[in-house]
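Chemist: Structure file run.cif, mmCIF, C-alpha atoms, is pasted below:
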data_final
loop_
_atom_site.group_PDB
_atom_site.id
_atom_site.type_symbol
_atom_site.label_atom_id
_atom_site.label_comp_id
_atom_site.auth_asym_id
_atom_site.auth_seq_id
_atom_site.Cartn_x
_atom_site.Cartn_y
_atom_site.Cartn_z
ATOM 1 C CA MET F 90 -37.590 -0.123 -7.131
ATOM 2 C CA GLN F 91 -36.693 0.091 -3.457
ATOM 3 C CA MET F 92 -37.987 -3.336 -2.555
ATOM 4 C CA PRO F 93 -35.194 -5.387 -4.191
ATOM 5 C CA CYS F 94 -32.591 -3.171 -2.496
ATOM 6 C CA CYS F 95 -34.207 -3.584 0.913
ATOM 7 C CA ARG F 96 -34.494 -7.320 0.385
ATOM 8 C CA ALA F 97 -30.853 -7.556 -0.658
ATOM 9 C CA LEU F 98 -29.811 -5.590 2.422
ATOM 10 C CA LYS F 99 -31.898 -7.849 4.662
ATOM 11 C CA ILE F 100 -30.337 -10.971 3.146
ATOM 12 C CA PHE F 101 -26.868 -9.485 3.604
ATOM 13 C CA VAL F 102 -27.539 -8.731 7.288
ATOM 14 C CA LEU F 103 -28.961 -12.222 7.903
ATOM 15 C CA LEU F 104 -25.962 -13.860 6.242
ATOM 16 C CA LYS F 105 -23.596 -11.726 8.302
ATOM 17 C CA LEU F 106 -25.381 -12.643 11.533
ATOM 18 C CA GLN F 107 -25.290 -16.314 10.577
ATOM 19 C CA TYR F 108 -21.561 -16.030 9.852
ATOM 20 C CA ARG F 109 -20.946 -14.452 13.248
ATOM 21 C CA ARG F 110 -23.014 -17.145 15.015
ATOM 22 C CA GLU F 111 -20.986 -19.864 13.301
ATOM 23 C CA ARG F 112 -17.780 -18.247 14.482
ATOM 24 C CA MET F 113 -19.141 -18.141 18.040
ATOM 25 C CA GLU F 114 -20.005 -21.835 18.034
ATOM 26 C CA LEU F 115 -16.625 -23.131 19.117
ATOM 27 C CA PRO F 116 -16.230 -26.699 20.386
ATOM 28 C CA PRO F 117 -16.542 -26.953 24.179
ATOM 29 C CA LEU F 118 -13.397 -26.017 26.077
ATOM 30 C CA LYS F 119 -12.152 -28.471 28.689
ATOM 31 C CA LEU F 120 -9.625 -27.626 31.383
ATOM 32 C CA GLY F 121 -7.049 -30.054 32.686
ATOM 33 C CA TYR F 122 -6.834 -31.231 36.280
ATOM 34 C CA PRO F 123 -4.465 -29.397 38.680
ATOM 35 C CA ALA F 124 -2.033 -32.326 38.599
ATOM 36 C CA VAL F 125 -1.839 -32.069 34.796
ATOM 37 C CA MET F 126 -1.093 -28.344 34.958
ATOM 38 C CA ASP F 127 1.612 -28.888 37.589
ATOM 39 C CA ARG F 128 3.186 -31.589 35.439
ATOM 40 C CA ARG F 129 3.416 -29.189 32.508
ATOM 41 C CA VAL F 130 4.985 -26.501 34.671
ATOM 42 C CA CYS F 131 7.580 -28.958 36.010
ATOM 43 C CA SER F 132 8.347 -29.992 32.442
ATOM 44 C CA LEU F 133 8.895 -26.357 31.427
ATOM 45 C CA LEU F 134 11.236 -25.812 34.367
ATOM 46 C CA SER F 135 13.229 -28.940 33.510
ATOM 47 C CA ARG F 136 13.627 -27.960 29.854
ATOM 48 C CA LEU F 137 14.598 -24.438 30.864
ATOM 49 C CA GLN F 138 17.270 -25.852 33.177
ATOM 50 C CA VAL F 139 18.773 -27.926 30.365
ATOM 51 C CA LEU F 140 18.788 -25.007 27.913
ATOM 52 C CA SER F 141 20.282 -22.571 30.423
ATOM 53 C CA ASP F 142 23.257 -24.898 30.964
ATOM 54 C CA ILE F 143 24.316 -24.622 27.302
ATOM 55 C CA ALA F 144 27.523 -22.593 27.072
ATOM 56 C CA GLU F 145 26.772 -20.925 23.718
ATOM 57 C CA PRO F 146 23.082 -21.281 22.835
ATOM 58 C CA SER F 147 22.065 -21.153 19.183
ATOM 59 C CA ALA F 148 19.477 -18.716 17.836
ATOM 60 C CA LYS F 149 16.822 -21.424 18.099
ATOM 61 C CA GLN F 150 17.790 -22.251 21.675
ATOM 62 C CA VAL F 151 17.722 -18.589 22.726
ATOM 63 C CA HIS F 152 14.215 -18.342 21.308
ATOM 64 C CA GLN F 153 13.183 -21.518 23.167
ATOM 65 C CA ILE F 154 14.542 -20.170 26.446
ATOM 66 C CA ARG F 155 12.604 -16.930 26.131
ATOM 67 C CA THR F 156 9.436 -18.785 25.093
ATOM 68 C CA HIS F 157 9.635 -21.131 28.109
ATOM 69 C CA ILE F 158 10.106 -18.139 30.407
ATOM 70 C CA LYS F 159 7.052 -16.400 28.899
ATOM 71 C CA LYS F 160 4.968 -19.552 29.370
ATOM 72 C CA LEU F 161 5.953 -19.767 33.030
ATOM 73 C CA ARG F 162 5.158 -16.095 33.600
ATOM 74 C CA SER F 163 1.748 -16.613 31.969
ATOM 75 C CA TRP F 164 1.113 -19.504 34.323
ATOM 76 C CA LEU F 165 1.967 -17.300 37.306
ATOM 77 C CA ARG F 166 -0.725 -14.849 36.203
ATOM 78 C CA LEU F 167 -3.110 -17.759 35.836
ATOM 79 C CA VAL F 168 -2.771 -18.884 39.468
ATOM 80 C CA LYS F 169 -2.461 -15.448 41.038
ATOM 81 C CA LYS F 170 -4.396 -15.023 44.270
ATOM 82 C CA LYS F 171 -4.271 -12.392 46.991
ATOM 83 C CA ASP F 172 -2.765 -14.755 49.540
ATOM 84 C CA ASN F 173 0.209 -15.656 47.335
ATOM 85 C CA SER F 174 0.778 -12.394 45.465
ATOM 86 C CA ASP F 175 4.121 -11.689 47.205
ATOM 87 C CA ASP F 176 5.448 -15.097 46.177
ATOM 88 C CA LEU F 177 4.276 -14.536 42.609
ATOM 89 C CA VAL F 178 5.912 -11.120 42.371
ATOM 90 C CA ALA F 179 9.224 -12.595 43.529
ATOM 91 C CA LEU F 180 9.005 -15.526 41.094
ATOM 92 C CA ASP F 181 8.021 -13.250 38.227
ATOM 93 C CA ARG F 182 10.970 -10.970 38.968
ATOM 94 C CA LEU F 183 13.370 -13.924 38.796
ATOM 95 C CA LEU F 184 11.918 -15.052 35.467
ATOM 96 C CA HIS F 185 12.156 -11.513 34.103
ATOM 97 C CA GLU F 186 15.803 -11.432 35.169
ATOM 98 C CA LEU F 187 16.460 -14.589 33.169
ATOM 99 C CA ALA F 188 14.669 -13.201 30.108
ATOM 100 C CA ASP F 189 16.699 -9.980 30.174
ATOM 101 C CA THR F 190 19.910 -11.985 29.956
ATOM 102 C CA TYR F 191 18.997 -13.038 26.431
ATOM 103 C CA ALA F 192 17.227 -9.860 25.299
ATOM 104 C CA THR F 193 20.117 -8.249 23.398
ATOM 105 C CA MET F 194 21.015 -11.425 21.542
ATOM 106 C CA ARG F 195 17.420 -12.110 20.587
ATOM 107 C CA SER F 196 16.853 -8.548 19.320
ATOM 108 C CA ALA F 197 19.906 -8.771 17.066
ATOM 109 C CA GLN F 198 18.666 -12.078 15.667
ATOM 110 C CA VAL F 199 15.215 -10.640 14.933
ATOM 111 C CA HIS F 200 16.655 -7.594 13.161
ATOM 112 C CA LEU F 201 18.712 -9.794 10.877
ATOM 113 C CA GLN F 202 15.876 -12.258 10.212
ATOM 114 C CA THR F 203 13.458 -9.421 9.377
ATOM 115 C CA LEU F 204 15.766 -7.923 6.747
ATOM 116 C CA LEU F 205 16.470 -11.344 5.229
ATOM 117 C CA ARG F 206 12.732 -12.066 5.082
ATOM 118 C CA LEU F 207 12.196 -8.710 3.412
ATOM 119 C CA GLU F 208 14.919 -9.559 0.887
ATOM 120 C CA ALA F 209 13.205 -12.827 0.001
ATOM 121 C CA GLU F 210 9.878 -11.032 -0.565
ATOM 122 C CA CYS F 211 11.282 -8.299 -2.853
ATOM 123 C CA ASN F 212 10.182 -8.341 -6.484
ATOM 124 C CA SER F 213 13.098 -6.119 -7.501
ATOM 125 C CA SER F 214 16.584 -7.653 -7.615
ATOM 126 C CA ASP F 215 18.092 -4.239 -6.908
ATOM 127 C CA LEU F 216 15.918 -3.745 -3.833
ATOM 128 C CA ALA F 217 16.699 -7.284 -2.659
ATOM 129 C CA ALA F 218 20.422 -6.522 -2.993
ATOM 130 C CA GLN F 219 19.948 -3.392 -0.874
ATOM 131 C CA CYS F 220 18.173 -5.404 1.819
ATOM 132 C CA ARG F 221 21.030 -7.898 1.791
ATOM 133 C CA ALA F 222 23.629 -5.128 2.021
ATOM 134 C CA LEU F 223 21.779 -3.462 4.879
ATOM 135 C CA ALA F 224 21.569 -6.786 6.718
ATOM 136 C CA ALA F 225 25.315 -7.221 6.252
ATOM 137 C CA SER F 226 25.913 -3.767 7.735
ATOM 138 C CA LEU F 227 24.220 -4.691 11.010
ATOM 139 C CA PRO F 228 26.413 -5.421 14.028
ATOM 140 C CA PRO F 229 27.186 -9.148 14.180
ATOM 141 C CA VAL F 230 24.987 -11.307 16.374
ATOM 142 C CA SER F 231 27.617 -11.855 19.014
ATOM 143 C CA ARG F 232 27.546 -14.770 21.381
ATOM 144 C CA ILE F 233 27.262 -12.601 24.458
ATOM 145 C CA ILE F 234 26.594 -15.547 26.754
ATOM 146 C CA SER F 235 29.347 -17.921 27.795
ATOM 147 C CA GLY F 236 29.334 -20.511 30.537
ATOM 148 C CA LYS F 237 26.320 -21.467 32.620
ATOM 149 C CA LEU F 238 23.656 -18.813 32.859
ATOM 150 C CA ASP F 239 22.230 -19.834 36.197
ATOM 151 C CA THR F 240 25.252 -18.970 38.342
ATOM 152 C CA ASN F 241 22.997 -17.638 41.114
ATOM 153 C CA GLY F 242 20.846 -20.765 41.358
ATOM 154 C CA ILE F 243 17.734 -18.969 40.128
ATOM 155 C CA LEU F 244 16.201 -22.052 38.533
ATOM 156 C CA HIS F 245 16.805 -24.142 41.638
ATOM 157 C CA HIS F 246 14.918 -21.533 43.628
ATOM 158 C CA LEU F 247 12.113 -21.532 41.067
ATOM 159 C CA GLN F 248 11.807 -25.318 41.176
ATOM 160 C CA SER F 249 11.456 -25.265 44.951
ATOM 161 C CA ALA F 250 9.139 -22.243 45.039
ATOM 162 C CA PHE F 251 6.672 -23.107 42.271
ATOM 163 C CA PRO F 252 4.906 -25.890 44.217
ATOM 164 C CA LYS F 253 3.847 -23.273 46.774
ATOM 165 C CA VAL F 254 1.471 -21.735 44.247
ATOM 166 C CA SER F 255 0.369 -24.910 42.454
ATOM 167 C CA GLY F 256 -2.758 -27.040 42.650
ATOM 168 C CA GLN F 257 -5.235 -24.210 42.106
ATOM 169 C CA PRO F 258 -8.954 -25.191 41.870
ATOM 170 C CA THR F 259 -10.664 -25.093 38.480
ATOM 171 C CA TYR F 260 -12.899 -22.118 39.287
ATOM 172 C CA THR F 261 -9.791 -20.016 40.052
ATOM 173 C CA ILE F 262 -8.200 -20.980 36.739
ATOM 174 C CA LEU F 263 -11.411 -20.251 34.838
ATOM 175 C CA ALA F 264 -11.737 -16.815 36.445
ATOM 176 C CA ALA F 265 -8.163 -16.013 35.433
ATOM 177 C CA LEU F 266 -8.791 -17.125 31.838
ATOM 178 C CA GLU F 267 -11.892 -14.944 31.708
ATOM 179 C CA ARG F 268 -9.872 -11.997 32.956
ATOM 180 C CA SER F 269 -7.145 -12.583 30.343
ATOM 181 C CA HIS F 270 -9.630 -12.834 27.475
ATOM 182 C CA LYS F 271 -11.592 -9.754 28.576
ATOM 183 C CA GLN F 272 -8.391 -7.718 28.811
ATOM 184 C CA ALA F 273 -7.299 -8.720 25.308
ATOM 185 C CA ARG F 274 -10.763 -8.165 23.839
ATOM 186 C CA LYS F 275 -11.162 -4.751 25.478
ATOM 187 C CA LEU F 276 -7.735 -3.624 24.322
ATOM 188 C CA SER F 277 -8.429 -4.754 20.739
ATOM 189 C CA ARG F 278 -11.430 -2.401 20.645
ATOM 190 C CA SER F 279 -9.605 0.636 22.015
ATOM 191 C CA LYS F 280 -9.315 3.861 20.035
ATOM 192 C CA LYS F 281 -5.514 3.729 19.957
ATOM 193 C CA ILE F 282 -5.566 0.225 18.503
ATOM 194 C CA ARG F 283 -8.018 1.322 15.812
ATOM 195 C CA GLN F 284 -5.664 4.166 14.970
ATOM 196 C CA GLY F 285 -2.779 1.731 14.532
ATOM 197 C CA ASN F 286 -0.794 2.788 17.606
ATOM 198 C CA GLN F 287 2.198 0.443 17.555
ATOM 199 C CA GLU F 288 2.844 0.458 21.301
ATOM 200 C CA GLU F 289 -0.743 -0.566 21.978
ATOM 201 C CA LEU F 290 -0.610 -3.226 19.257
ATOM 202 C CA HIS F 291 2.476 -4.650 20.952
ATOM 203 C CA ARG F 292 0.596 -4.650 24.269
ATOM 204 C CA LEU F 293 -2.192 -6.550 22.534
ATOM 205 C CA ARG F 294 0.304 -9.102 21.255
ATOM 206 C CA LYS F 295 1.543 -9.701 24.810
ATOM 207 C CA ARG F 296 -1.998 -10.184 26.080
ATOM 208 C CA VAL F 297 -2.848 -12.591 23.259
ATOM 209 C CA LYS F 298 0.303 -14.647 23.811
ATOM 210 C CA ASN F 299 -0.404 -14.665 27.541
ATOM 211 C CA LEU F 300 -3.881 -16.141 26.940
ATOM 212 C CA ASP F 301 -2.485 -18.635 24.429
ATOM 213 C CA TYR F 302 0.151 -19.905 26.879
ATOM 214 C CA GLN F 303 -2.419 -20.099 29.671
ATOM 215 C CA LEU F 304 -4.615 -22.336 27.512
ATOM 216 C CA LEU F 305 -1.555 -24.435 26.694
ATOM 217 C CA ILE F 306 -0.945 -25.138 30.377
ATOM 218 C CA ALA F 307 -4.548 -25.190 31.637
ATOM 219 C CA GLY F 308 -6.270 -26.964 28.741
ATOM 220 C CA SER F 309 -7.172 -30.623 28.788
ATOM 221 C CA ASP F 310 -5.087 -33.034 26.697
ATOM 222 C CA SER F 311 -6.367 -33.777 23.173
ATOM 223 C CA ASN F 312 -9.256 -31.330 23.421
ATOM 224 C CA LYS F 313 -10.394 -29.922 20.060
ATOM 225 C CA GLY F 314 -11.749 -26.849 21.811
ATOM 226 C CA VAL F 315 -8.293 -25.993 23.163
ATOM 227 C CA THR F 316 -6.612 -26.707 19.826
ATOM 228 C CA LEU F 317 -8.967 -24.500 17.822
ATOM 229 C CA ARG F 318 -8.800 -21.589 20.248
ATOM 230 C CA ARG F 319 -5.007 -21.731 20.365
ATOM 231 C CA LYS F 320 -4.881 -21.844 16.560
ATOM 232 C CA GLN F 321 -6.912 -18.632 16.355
ATOM 233 C CA LEU F 322 -4.802 -16.912 18.995
ATOM 234 C CA GLY F 323 -1.641 -18.141 17.277
ATOM 235 C CA GLU F 324 -2.689 -16.593 13.967
ATOM 236 C CA LEU F 325 -3.281 -13.245 15.654
ATOM 237 C CA SER F 326 -0.025 -13.455 17.600
ATOM 238 C CA GLU F 327 1.883 -14.231 14.396
ATOM 239 C CA ALA F 328 0.353 -11.240 12.581
ATOM 240 C CA LEU F 329 1.163 -8.924 15.475
ATOM 241 C CA GLY F 330 4.655 -10.415 15.787
ATOM 242 C CA LEU F 331 5.569 -9.812 12.143
ATOM 243 C CA LEU F 332 4.343 -6.239 12.508
ATOM 244 C CA HIS F 333 6.388 -5.689 15.668
ATOM 245 C CA ASP F 334 9.544 -7.001 13.959
ATOM 246 C CA LEU F 335 9.134 -4.385 11.218
ATOM 247 C CA VAL F 336 8.557 -1.636 13.771
ATOM 248 C CA GLU F 337 11.661 -2.633 15.736
ATOM 249 C CA ILE F 338 14.037 -2.833 12.765
ATOM 250 C CA ARG F 339 12.862 0.580 11.509
ATOM 251 C CA LYS F 340 13.365 2.052 14.976
ATOM 252 C CA PHE F 341 16.792 0.426 15.300
ATOM 253 C CA LEU F 342 17.989 1.714 11.925
ATOM 254 C CA GLN F 343 16.692 5.222 12.583
ATOM 255 C CA GLU F 344 18.321 5.424 16.025
ATOM 256 C CA SER F 345 21.643 3.763 15.116
ATOM 257 C CA SER F 346 24.745 5.909 14.913
ATOM 258 C CA GLY F 347 25.129 7.201 11.372
ATOM 259 C CA HIS F 348 21.635 5.914 10.515
ATOM 260 C CA PRO F 349 22.529 3.019 8.135
ATOM 261 C CA GLY F 350 19.096 3.379 6.598
ATOM 262 C CA ASN F 351 20.130 6.710 5.061
ATOM 263 C CA ARG F 352 22.297 4.781 2.626
ATOM 264 C CA TYR F 353 19.303 2.673 1.581
ATOM 265 C CA PRO F 354 16.270 4.997 1.354
ATOM 266 C CA ASP F 355 14.390 2.530 -0.862
ATOM 267 C CA VAL F 356 14.654 -0.154 1.825
ATOM 268 C CA MET F 357 13.483 2.268 4.501
ATOM 269 C CA ALA F 358 10.520 3.216 2.311
ATOM 270 C CA LEU F 359 9.737 -0.460 1.814
ATOM 271 C CA LEU F 360 9.889 -1.069 5.567
ATOM 272 C CA LYS F 361 7.448 1.789 6.132
ATOM 273 C CA LEU F 362 5.071 0.453 3.486
ATOM 274 C CA GLN F 363 5.294 -3.061 4.907
ATOM 275 C CA GLN F 364 4.555 -1.726 8.382
ATOM 276 C CA GLN F 365 1.408 -0.028 7.120
ATOM 277 C CA THR F 366 0.306 -3.183 5.290
ATOM 278 C CA TYR F 367 0.949 -5.460 8.255
ATOM 279 C CA THR F 368 -0.847 -3.052 10.582
ATOM 280 C CA GLY F 369 -3.989 -3.426 8.478
ATOM 281 C CA MET F 370 -3.625 -7.214 8.440
ATOM 282 C CA ALA F 371 -3.125 -7.335 12.211
ATOM 283 C CA LEU F 372 -6.202 -5.188 12.869
ATOM 284 C CA LYS F 373 -8.330 -7.355 10.583
ATOM 285 C CA THR F 374 -7.121 -10.553 12.273
ATOM 286 C CA ALA F 375 -7.749 -9.058 15.718
ATOM 287 C CA ASP F 376 -11.345 -8.303 14.698
ATOM 288 C CA GLU F 377 -11.864 -11.878 13.527
ATOM 289 C CA VAL F 378 -10.305 -13.553 16.572
ATOM 290 C CA LEU F 379 -11.345 -11.292 19.451
ATOM 291 C CA ASP F 380 -14.839 -10.354 18.282
ATOM 292 C CA ILE F 381 -16.309 -13.351 20.117
ATOM 293 C CA LYS F 382 -17.593 -12.721 23.639
ATOM 294 C CA THR F 383 -15.646 -14.078 26.596
ATOM 295 C CA SER F 384 -18.548 -16.274 27.722
ATOM 296 C CA CYS F 385 -18.635 -17.913 24.264
ATOM 297 C CA PHE F 386 -14.850 -18.236 24.034
ATOM 298 C CA LEU F 387 -14.716 -20.078 27.355
ATOM 299 C CA GLN F 388 -17.976 -21.981 27.055
ATOM 300 C CA SER F 389 -18.235 -25.243 28.991
ATOM 301 C CA ALA F 390 -14.794 -24.738 30.501
ATOM 302 C CA SER F 391 -14.411 -27.532 33.047
ATOM 303 C CA PRO F 392 -12.042 -30.459 33.722
#
Show me the file's structure as structure tokens.

Modeler:
Amino acid sequence: MQMPCCRALKIFVLLKLQYRRERMELPPLKLGYPAVMDRRVCSLLSRLQVLSDIAEPSAKQVHQIRTHIKKLRSWLRLVKKKDNSDDLVALDRLLHELADTYATMRSAQVHLQTLLRLEAECNSSDLAAQCRALAASLPPVSRIISGKLDTNGILHHLQSAFPKVSGQPTYTILAALERSHKQARKLSRSKKIRQGNQEELHRLRKRVKNLDYQLLIAGSDSNKGVTLRRKQLGELSEALGLLHDLVEIRKFLQESSGHPGNRYPDVMALLKLQQQTYTGMALKTADEVLDIKTSCFLQSASP
């Protein structure tokens, strides 16, 4: 009677190993040439300059500005070397200064969007109405930025300083990608992550987005290996992002004066339940995406 059970277990293990091998067999990854990477960085700087000159940026434009800044900061980490670390620290500080300018506006937008998304997902009309009312009670998303942002010529300085740390050899880029992937993979397996620690999950999201943006800049054009890897990282980043939005709106409502959430306990309970659900989804996605070894993830990485 034990034989069929043992055989079934053996088949299950073999199928699982086969499934894991198939996931590890990603298409070869090809890196772009230094000139291609520099062209992408220059393009990001140019688009950032145009967006920063807009007097009253829309919600979409604010998001684009912050995304471009994050991509540039990821690139700085990609080309970091001991002999240019001081330059990189200064450039990173300037980019962080730009990002902070839009932080308050972006947070207000995310809070509103999260509650409206929650409203759309509610099965109860009464609960949906409460979500809508709570969204309406939030402080308005004010246009806190007027006139040109770059009054101190920060972007001009960036455009002149970036070439000093450009043109890095392929082996340097590959080593940086390996470091980024190992950091994300190690963090995903930490005890705090397994316990659903939200601060650590947010750290993981930053590391995953950092690796994704580095592949965007360093990857070769029209390479299936780059596209597939970025798709996987994007799915994980999206899961972690939705979770972080729920965490932030709950924290905001609980810390706001008068605690608006007290008037809508059902919505607060729903937010808590959603956070628990999305935490489980994020952990499962992290297992699927970051289970693969770094050597397999970056296999055949060359220009």

Chemist: Let me make sure I understand: among F:Thr203, F:Gln257, F:Ser249, F:Gln388, which one has the smallest atom-to-atom distance to F:Gly330 if we use all atoms listed in the file?

Modeler: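 Ranking F:Thr203, F:Gln257, F:Ser249, F:Gln388 by distance to F:Gly330, first place goes to F:Thr203.
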
Chemist: If we draw a sphere of 10 Å around (0.7, -12.1, 24.4), which residues have at least one atom in it when counting all atoms listed in the file? Please report them as a list of chain:residue names.

Modeler: F:Lys159, F:Lys160, F:Ser163, F:Ser269, F:Ala273, F:His291, F:Arg292, F:Leu293, F:Arg294, F:Lys295, F:Arg296, F:Val297, F:Lys298, F:Asn299, F:Leu300, F:Asp301, F:Tyr302, F:Leu322, F:Gly323, F:Leu325, F:Ser326, F:Leu329, F:Gly330

Chemist: Nearest to F:Lys373: which of F:Ala188, F:Leu360, F:Val168, F:Ile282 is it, counting all atoms listed in the file?

Modeler: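 Nearest candidate to F:Lys373 out of F:Ala188, F:Leu360, F:Val168, F:Ile282: F:Ile282.
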
Chemist: Could you work out an axis-aligned box for stretch 201-211 of chain F, taking every atom the file lists and adding 4 Å on each side, and report centre and edge lengths in Å to one decimal, as lines of an AutoDock Vina configuration file?

Modeler:
center_x = 14.3
center_y = -10.4
center_z = 4.0
size_x = 16.8
size_y = 12.9
size_z = 21.7

Chemist: On this structure, the PyMOL selection byres ((chain F and resi 192) around 12) would catch which residues? List them as a list in words, sorted by chain and number.

Modeler: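 What the PyMOL selection byres ((chain F and resi 192) around 12) grabs from the file is Ala148, Val151, His152, Ile154, Arg155, Thr156, His185, Glu186, Leu187, Ala188, Asp189, Thr190, Tyr191, Thr193, Met194, Arg195, Ser196, Ala197, Gln198, Val199, Val230, Ile233 and Ile234 of chain F.
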
Chemist: Do you know which residues are at most 12 Å from F:Asp355 counting all atoms listed in the file, after dropping those on the same chain fewer than 3 positions away, and could you put them as a list in words?

Modeler: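 Contacts, with the query itself left out: Cys211, Ser213, Asp215, Leu216, Ala217, Ala218, Gln219, Cys220, Leu223, Gly350, Asn351, Arg352, Ala358, Leu359, Leu360, Lys361 and Leu362 of chain F.
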
Chemist: If the PyMOL selection byres ((chain F and resi 259) around 10) were run on this exact file, what residues would it hold? Put them as a PyMOL selection string.

Modeler: chain F and resi 120-123+256-258+260-265+307+390-392

Chemist: Take the point (9.0, -2.9, 14.4) as written in the file and pick out every residue within 12 Å of it, counting all atoms listed in the file; give the list as a ChimeraX atom specification.

Modeler: /F:196,199-200,203-204,286-288,290-291,329-343,360-361,363-365,367-368

Chemist: Between atom CA of F:Ala179 and atom CA of F:Val130, what is the distance in Å, rounded to a tenth?

Modeler: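 Distance between the two atoms: 17.0 Å.
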
Chemist: As an exercise, work out the distance from atom CA of F:Leu180 to atom CA of F:Ala250 in Å and give it to one decimal place.

Modeler: 7.8 Å

Chemist: Of the candidates F:Gly308, F:Lys275, F:His246, F:Thr383, which shows the shortest atom-to-atom distance to F:Asp176, using only C-alpha atoms?

Modeler: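 Among F:Gly308, F:Lys275, F:His246, F:Thr383, it is F:His246 that comes nearest to F:Asp176.
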
Chemist: Hey, can you check how far atom CA of F:Leu177 sits from atom CA of F:Leu387?

Modeler: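 These atoms are spaced 25.0 Å apart.
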
Chemist: Looking at only C-alpha atoms, which of F:Leu266, F:Leu201, F:Ala209, F:Leu115 is the one that sits closest to F:Cys385?

Modeler: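 Using only C-alpha atoms, F:Cys385 sits closest to F:Leu115.
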
Chemist: I'd like to know which of F:Lys169, F:Arg128, F:Leu247, F:Gln284 is closest to F:Arg182, using only C-alpha atoms.

Modeler: F:Leu247

Chemist: On this structure, the PyMOL selection byres ((chain F and resi 117) around 9) would catch which residues? List them as a list in words, sorted by chain and number.

Modeler: Glu114, Leu115, Pro116, Leu118, Lys119, Asn312, Lys313, Gly314, Val315, Phe386, Leu387, Gln388, Ser389 and Ala390 of chain F

Chemist: Go through F:Pro354, F:Glu344, F:Ser384, F:Gly285 and flag the residue nearest F:Thr366, using all atoms listed in the file for the distances.

Modeler: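 Closest to F:Thr366 of all the choices is F:Gly285.
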